[in-house]
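Structure file entry_25.pdb with PDB, C-alpha atoms and all ligand atoms:
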ATOM      1  CA  MET N  17       0.000   0.000   0.000  1.00  0.00           C
ATOM      2  CA  GLY N  18       1.134   3.499  -0.796  1.00  0.00           C
ATOM      3  CA  ARG N  19       1.062   7.026   0.525  1.00  0.00           C
ATOM      4  CA  LEU N  20      -1.093   9.041  -1.849  1.00  0.00           C
ATOM      5  CA  LEU N  21      -1.496  12.794  -2.124  1.00  0.00           C
ATOM      6  CA  VAL N  22      -5.013  13.678  -3.301  1.00  0.00           C
ATOM      7  CA  VAL N  23      -5.680  17.316  -4.233  1.00  0.00           C
ATOM      8  CA  GLU N  24      -9.318  18.119  -4.987  1.00  0.00           C
ATOM      9  CA  ASP N  25     -11.313  21.225  -4.059  1.00  0.00           C
ATOM     10  CA  ASN N  26     -14.734  19.598  -4.270  1.00  0.00           C
ATOM     11  CA  MET N  27     -15.390  18.183  -0.793  1.00  0.00           C
ATOM     12  CA  GLN N  28     -17.692  15.405  -1.972  1.00  0.00           C
ATOM     13  CA  ASN N  29     -15.255  14.214  -4.608  1.00  0.00           C
ATOM     14  CA  LEU N  30     -12.361  14.461  -2.165  1.00  0.00           C
ATOM     15  CA  GLU N  31     -14.187  12.448   0.488  1.00  0.00           C
ATOM     16  CA  LEU N  32     -15.163   9.811  -2.052  1.00  0.00           C
ATOM     17  CA  MET N  33     -11.608   9.399  -3.361  1.00  0.00           C
ATOM     18  CA  VAL N  34     -10.187   9.295   0.181  1.00  0.00           C
ATOM     19  CA  TYR N  35     -12.775   6.694   1.179  1.00  0.00           C
ATOM     20  CA  LEU N  36     -12.101   4.455  -1.816  1.00  0.00           C
ATOM     21  CA  LEU N  37      -8.316   4.673  -1.514  1.00  0.00           C
ATOM     22  CA  GLU N  38      -8.306   4.096   2.241  1.00  0.00           C
ATOM     23  CA  ALA N  39     -10.612   1.113   1.744  1.00  0.00           C
ATOM     24  CA  ALA N  40      -7.906  -0.303  -0.529  1.00  0.00           C
ATOM     25  CA  GLY N  41      -5.407   0.093   2.298  1.00  0.00           C
ATOM     26  CA  HIS N  42      -3.608   3.253   1.203  1.00  0.00           C
ATOM     27  CA  THR N  43      -2.602   6.149   3.387  1.00  0.00           C
ATOM     28  CA  VAL N  44      -4.121   9.306   1.921  1.00  0.00           C
ATOM     29  CA  VAL N  45      -2.920  12.866   2.398  1.00  0.00           C
ATOM     30  CA  PRO N  46      -5.823  15.089   1.317  1.00  0.00           C
ATOM     31  CA  ALA N  47      -5.578  18.719   0.233  1.00  0.00           C
ATOM     32  CA  MET N  48      -8.152  21.151  -1.137  1.00  0.00           C
ATOM     33  CA  THR N  49      -5.838  23.744  -2.701  1.00  0.00           C
ATOM     34  CA  GLY N  50      -2.784  23.546  -4.912  1.00  0.00           C
ATOM     35  CA  GLN N  51      -0.566  25.210  -2.321  1.00  0.00           C
ATOM     36  CA  THR N  52      -1.531  22.959   0.585  1.00  0.00           C
ATOM     37  CA  GLY N  53      -1.051  19.972  -1.694  1.00  0.00           C
ATOM     38  CA  VAL N  54       2.419  21.102  -2.736  1.00  0.00           C
ATOM     39  CA  ASP N  55       3.337  21.864   0.887  1.00  0.00           C
ATOM     40  CA  ALA N  56       2.184  18.421   2.033  1.00  0.00           C
ATOM     41  CA  ALA N  57       4.137  16.715  -0.745  1.00  0.00           C
ATOM     42  CA  LEU N  58       7.291  18.691  -0.001  1.00  0.00           C
ATOM     43  CA  SER N  59       7.207  17.920   3.711  1.00  0.00           C
ATOM     44  CA  ASP N  60       6.726  14.197   3.123  1.00  0.00           C
ATOM     45  CA  ARG N  61       7.148  12.670  -0.323  1.00  0.00           C
ATOM     46  CA  PRO N  62       4.084  10.710  -1.501  1.00  0.00           C
ATOM     47  CA  ASP N  63       4.298   7.626  -3.732  1.00  0.00           C
ATOM     48  CA  LEU N  64       1.711   9.073  -6.119  1.00  0.00           C
ATOM     49  CA  ALA N  65      -0.101  12.371  -6.637  1.00  0.00           C
ATOM     50  CA  VAL N  66      -3.774  12.368  -7.671  1.00  0.00           C
ATOM     51  CA  LEU N  67      -4.564  15.868  -8.887  1.00  0.00           C
ATOM     52  CA  ASP N  68      -7.723  17.685  -9.836  1.00  0.00           C
ATOM     53  CA  LEU N  69      -6.825  20.132 -12.609  1.00  0.00           C
ATOM     54  CA  GLN N  70      -9.142  22.976 -11.593  1.00  0.00           C
ATOM     55  CA  LEU N  71      -8.229  24.252  -8.140  1.00  0.00           C
ATOM     56  CA  PRO N  72      -9.026  27.553  -6.421  1.00  0.00           C
ATOM     57  CA  ASP N  73      -5.494  28.949  -6.229  1.00  0.00           C
ATOM     58  CA  PHE N  74      -3.522  27.422  -9.087  1.00  0.00           C
ATOM     59  CA  SER N  75      -4.037  24.559 -11.472  1.00  0.00           C
ATOM     60  CA  GLY N  76      -3.221  20.895 -11.169  1.00  0.00           C
ATOM     61  CA  PHE N  77      -0.760  21.483 -13.997  1.00  0.00           C
ATOM     62  CA  GLU N  78       1.135  23.888 -11.728  1.00  0.00           C
ATOM     63  CA  VAL N  79       1.032  21.413  -8.844  1.00  0.00           C
ATOM     64  CA  ARG N  80       2.466  18.822 -11.197  1.00  0.00           C
ATOM     65  CA  ARG N  81       5.229  21.209 -12.295  1.00  0.00           C
ATOM     66  CA  GLN N  82       6.230  22.005  -8.716  1.00  0.00           C
ATOM     67  CA  LEU N  83       6.300  18.349  -7.689  1.00  0.00           C
ATOM     68  CA  ARG N  84       8.407  17.578 -10.725  1.00  0.00           C
ATOM     69  CA  ASP N  85      10.829  20.388  -9.839  1.00  0.00           C
ATOM     70  CA  ALA N  86      11.141  18.884  -6.367  1.00  0.00           C
ATOM     71  CA  TYR N  87      11.210  15.182  -7.105  1.00  0.00           C
ATOM     72  CA  GLY N  88      11.707  14.662 -10.824  1.00  0.00           C
ATOM     73  CA  PRO N  89       9.648  12.272 -12.929  1.00  0.00           C
ATOM     74  CA  GLY N  90      10.037   9.484 -10.349  1.00  0.00           C
ATOM     75  CA  LEU N  91       6.979  10.741  -8.500  1.00  0.00           C
ATOM     76  CA  PRO N  92       4.046   9.706 -10.701  1.00  0.00           C
ATOM     77  CA  ALA N  93       0.938  11.870 -11.007  1.00  0.00           C
ATOM     78  CA  VAL N  94      -2.577  11.172 -12.242  1.00  0.00           C
ATOM     79  CA  ALA N  95      -4.981  13.908 -13.325  1.00  0.00           C
ATOM     80  CA  VAL N  96      -8.623  13.603 -12.298  1.00  0.00           C
ATOM     81  CA  THR N  97     -10.835  16.062 -14.067  1.00  0.00           C
ATOM     82  CA  ALA N  98     -14.300  16.710 -15.377  1.00  0.00           C
ATOM     83  CA  ASN N  99     -12.813  18.137 -18.558  1.00  0.00           C
ATOM     84  CA  ALA N 100     -13.882  15.801 -21.309  1.00  0.00           C
ATOM     85  CA  MET N 101     -12.915  17.859 -24.299  1.00  0.00           C
ATOM     86  CA  VAL N 102     -11.155  16.269 -27.210  1.00  0.00           C
ATOM     87  CA  GLY N 103      -7.437  16.785 -26.845  1.00  0.00           C
ATOM     88  CA  ASP N 104      -7.460  17.057 -23.065  1.00  0.00           C
ATOM     89  CA  ARG N 105      -5.843  13.703 -22.625  1.00  0.00           C
ATOM     90  CA  ASP N 106      -2.997  14.635 -24.931  1.00  0.00           C
ATOM     91  CA  HIS N 107      -2.508  17.947 -23.143  1.00  0.00           C
ATOM     92  CA  VAL N 108      -2.469  16.226 -19.745  1.00  0.00           C
ATOM     93  CA  LEU N 109       0.033  13.600 -20.847  1.00  0.00           C
ATOM     94  CA  ALA N 110       2.204  16.216 -22.540  1.00  0.00           C
ATOM     95  CA  SER N 111       2.234  18.152 -19.255  1.00  0.00           C
ATOM     96  CA  GLY N 112       3.997  15.438 -17.360  1.00  0.00           C
ATOM     97  CA  PHE N 113       1.076  13.431 -16.037  1.00  0.00           C
ATOM     98  CA  ASP N 114       1.331   9.663 -16.158  1.00  0.00           C
ATOM     99  CA  GLY N 115      -2.375   9.223 -16.688  1.00  0.00           C
ATOM    100  CA  TYR N 116      -5.831  10.709 -16.698  1.00  0.00           C
ATOM    101  CA  LEU N 117      -9.102   9.690 -15.030  1.00  0.00           C
ATOM    102  CA  SER N 118     -12.432  11.329 -15.783  1.00  0.00           C
ATOM    103  CA  LYS N 119     -15.041  12.517 -13.322  1.00  0.00           C
ATOM    104  CA  PRO N 120     -17.488  11.466 -12.147  1.00  0.00           C
ATOM    105  CA  ILE N 121     -15.456   9.026 -10.078  1.00  0.00           C
ATOM    106  CA  ASP N 122     -16.365   5.423 -10.877  1.00  0.00           C
ATOM    107  CA  VAL N 123     -16.758   3.877  -7.429  1.00  0.00           C
ATOM    108  CA  LYS N 124     -16.169   0.347  -8.677  1.00  0.00           C
ATOM    109  CA  SER N 125     -13.014   0.941 -10.679  1.00  0.00           C
ATOM    110  CA  PHE N 126     -11.315   3.996  -9.151  1.00  0.00           C
ATOM    111  CA  ALA N 127      -8.946   2.252  -6.715  1.00  0.00           C
ATOM    112  CA  THR N 128      -7.970  -0.334  -9.320  1.00  0.00           C
ATOM    113  CA  ALA N 129      -7.350   2.389 -11.894  1.00  0.00           C
ATOM    114  CA  ILE N 130      -5.098   4.208  -9.429  1.00  0.00           C
ATOM    115  CA  ASP N 131      -3.184   0.987  -8.722  1.00  0.00           C
ATOM    116  CA  ALA N 132      -2.055   0.919 -12.347  1.00  0.00           C
ATOM    117  CA  PHE N 133       0.185   3.913 -11.549  1.00  0.00           C
ATOM    118  CA  LEU N 134       1.797   2.349  -8.485  1.00  0.00           C
ATOM    119  CA  PRO N 135       4.618  -0.176  -8.395  1.00  0.00           C
ATOM    120  CA  GLU N 136       3.404  -3.667  -7.617  1.00  0.00           C
ATOM    121  CA  GLU N 137       4.541  -3.643  -3.998  1.00  0.00           C
ATOM    122  CA  LEU N 138       2.513  -0.503  -3.256  1.00  0.00           C
ATOM    123  CA  ARG N 139      -0.801  -1.541  -4.796  1.00  0.00           C
ATOM    124  CA  GLY N 140      -3.957  -1.718  -2.731  1.00  0.00           C
ATOM    125  CA  HIS N 141      -6.078  -4.682  -1.805  1.00  0.00           C
ATOM    126  CA  PRO N 142      -9.698  -5.213  -2.834  1.00  0.00           C
ATOM    127  CA  PRO N 143     -12.136  -3.569  -0.402  1.00  0.00           C
ATOM    128  CA  VAL N 144     -13.050  -5.852   2.461  1.00  0.00           C
ATOM    129  CA  PRO N 145     -16.820  -6.454   2.584  1.00  0.00           C
ATOM    130  CA  ARG N 146     -18.366  -5.097   5.775  1.00  0.00           C
ATOM    131  CA  TRP N 147     -19.945  -8.424   6.556  1.00  0.00           C
ATOM    132  CA  SER N 148     -16.714 -10.410   6.485  1.00  0.00           C
ATOM    133  CA  ALA N 149     -15.271 -11.618   9.764  1.00  0.00           C
TER
HETATM  134 MN    MN U 201     -11.792  21.355  -8.984  1.00  0.00          MN
END

Write out the structure in this file as structure tokens.
Amino acid sequence: MGRLLVVEDNMQNLELMVYLLEAAGHTVVPAMTGQTGVDAALSDRPDLAVLDLQLPDFSGFEVRRQLRDAYGPGLPAVAVTANAMVGDRDHVLASGFDGYLSKPIDVKSFATAIDAFLPEELRGHPPVPRWSA
């Protein structure tokens, strides 16, 4: 399991992503602005950054740039955005992101999709059903 930075300014989306990633066993560092996300990542390096692109202070692209300045390409980053325009994916990938997930968050596949960007030893486990022992 990994330590994941999640930057998202929509509280409902943030809570959903935190819930799904914690259910998979990850440790999540949440942030609701670009600056608090950058600060959290600089004080303790995450294994992966999950970044909304539209944030109140500066964009997810800028967060990505600052993390790359600090850590190089070895810190992977995934964009999560409602933007569904043609060409967005190319722009995101050309901006140093390792991948792109669209909102709305797909509850069933989100944690698995995130795992694809983590090394094998840091991947999550399937959610444990509430009714299991
Ligand atoms: Mn946003």

query = If you apply the PyMOL selection byres (((not hetatm)) within 10 of (chain U and resi 201)) to this file, what residues do you get, as a PyMOL selection string?
reply = chain N and resi 23-27+29-30+48-49+67-72+75-76+96-98

**Message:** Selection in question (the file shown): the PyMOL selection byres (((chain N and resi 37-40) around 12) and not hetatm). Which residues does it include, as number ranges by chain?
**Reply:** N: 17-22, 30-36, 41-46, 64, 66, 121, 123-131, 138-146

Judged by all atoms listed in the file, the minimum distance to N:Tyr116 among N:Pro62, N:Gly53, N:Pro135, N:Pro92 is found for N:Pro92

For this session: Can you turn the PyMOL selection byres (((chain N and resi 90) around 12) and not hetatm) into a concrete residue list for this file, as a count of residues only?
Result: 21

Near-N:Ser111 list (9 Å; only C-alpha atoms; drop same-chain fewer than 5 positions) as a list in words: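 Listing them by chain and then by number gives Phe77, Arg80, Arg81 and Asp106 of chain N.
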
Residue with the minimum atom-to-atom distance to N:Ala110, picked from N:Ala95, N:Glu137, N:Gly50, N:Gln28 with all atoms listed in the file counted, is N:Ala95

Coordinates-based distance that separates atom CA of N:Asp104 from atom CA of N:Leu117 (Å, one decimal):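 Atom-to-atom, atom CA of N:Leu117 and atom CA of N:Asp104 are spaced 11.0 Å apart.
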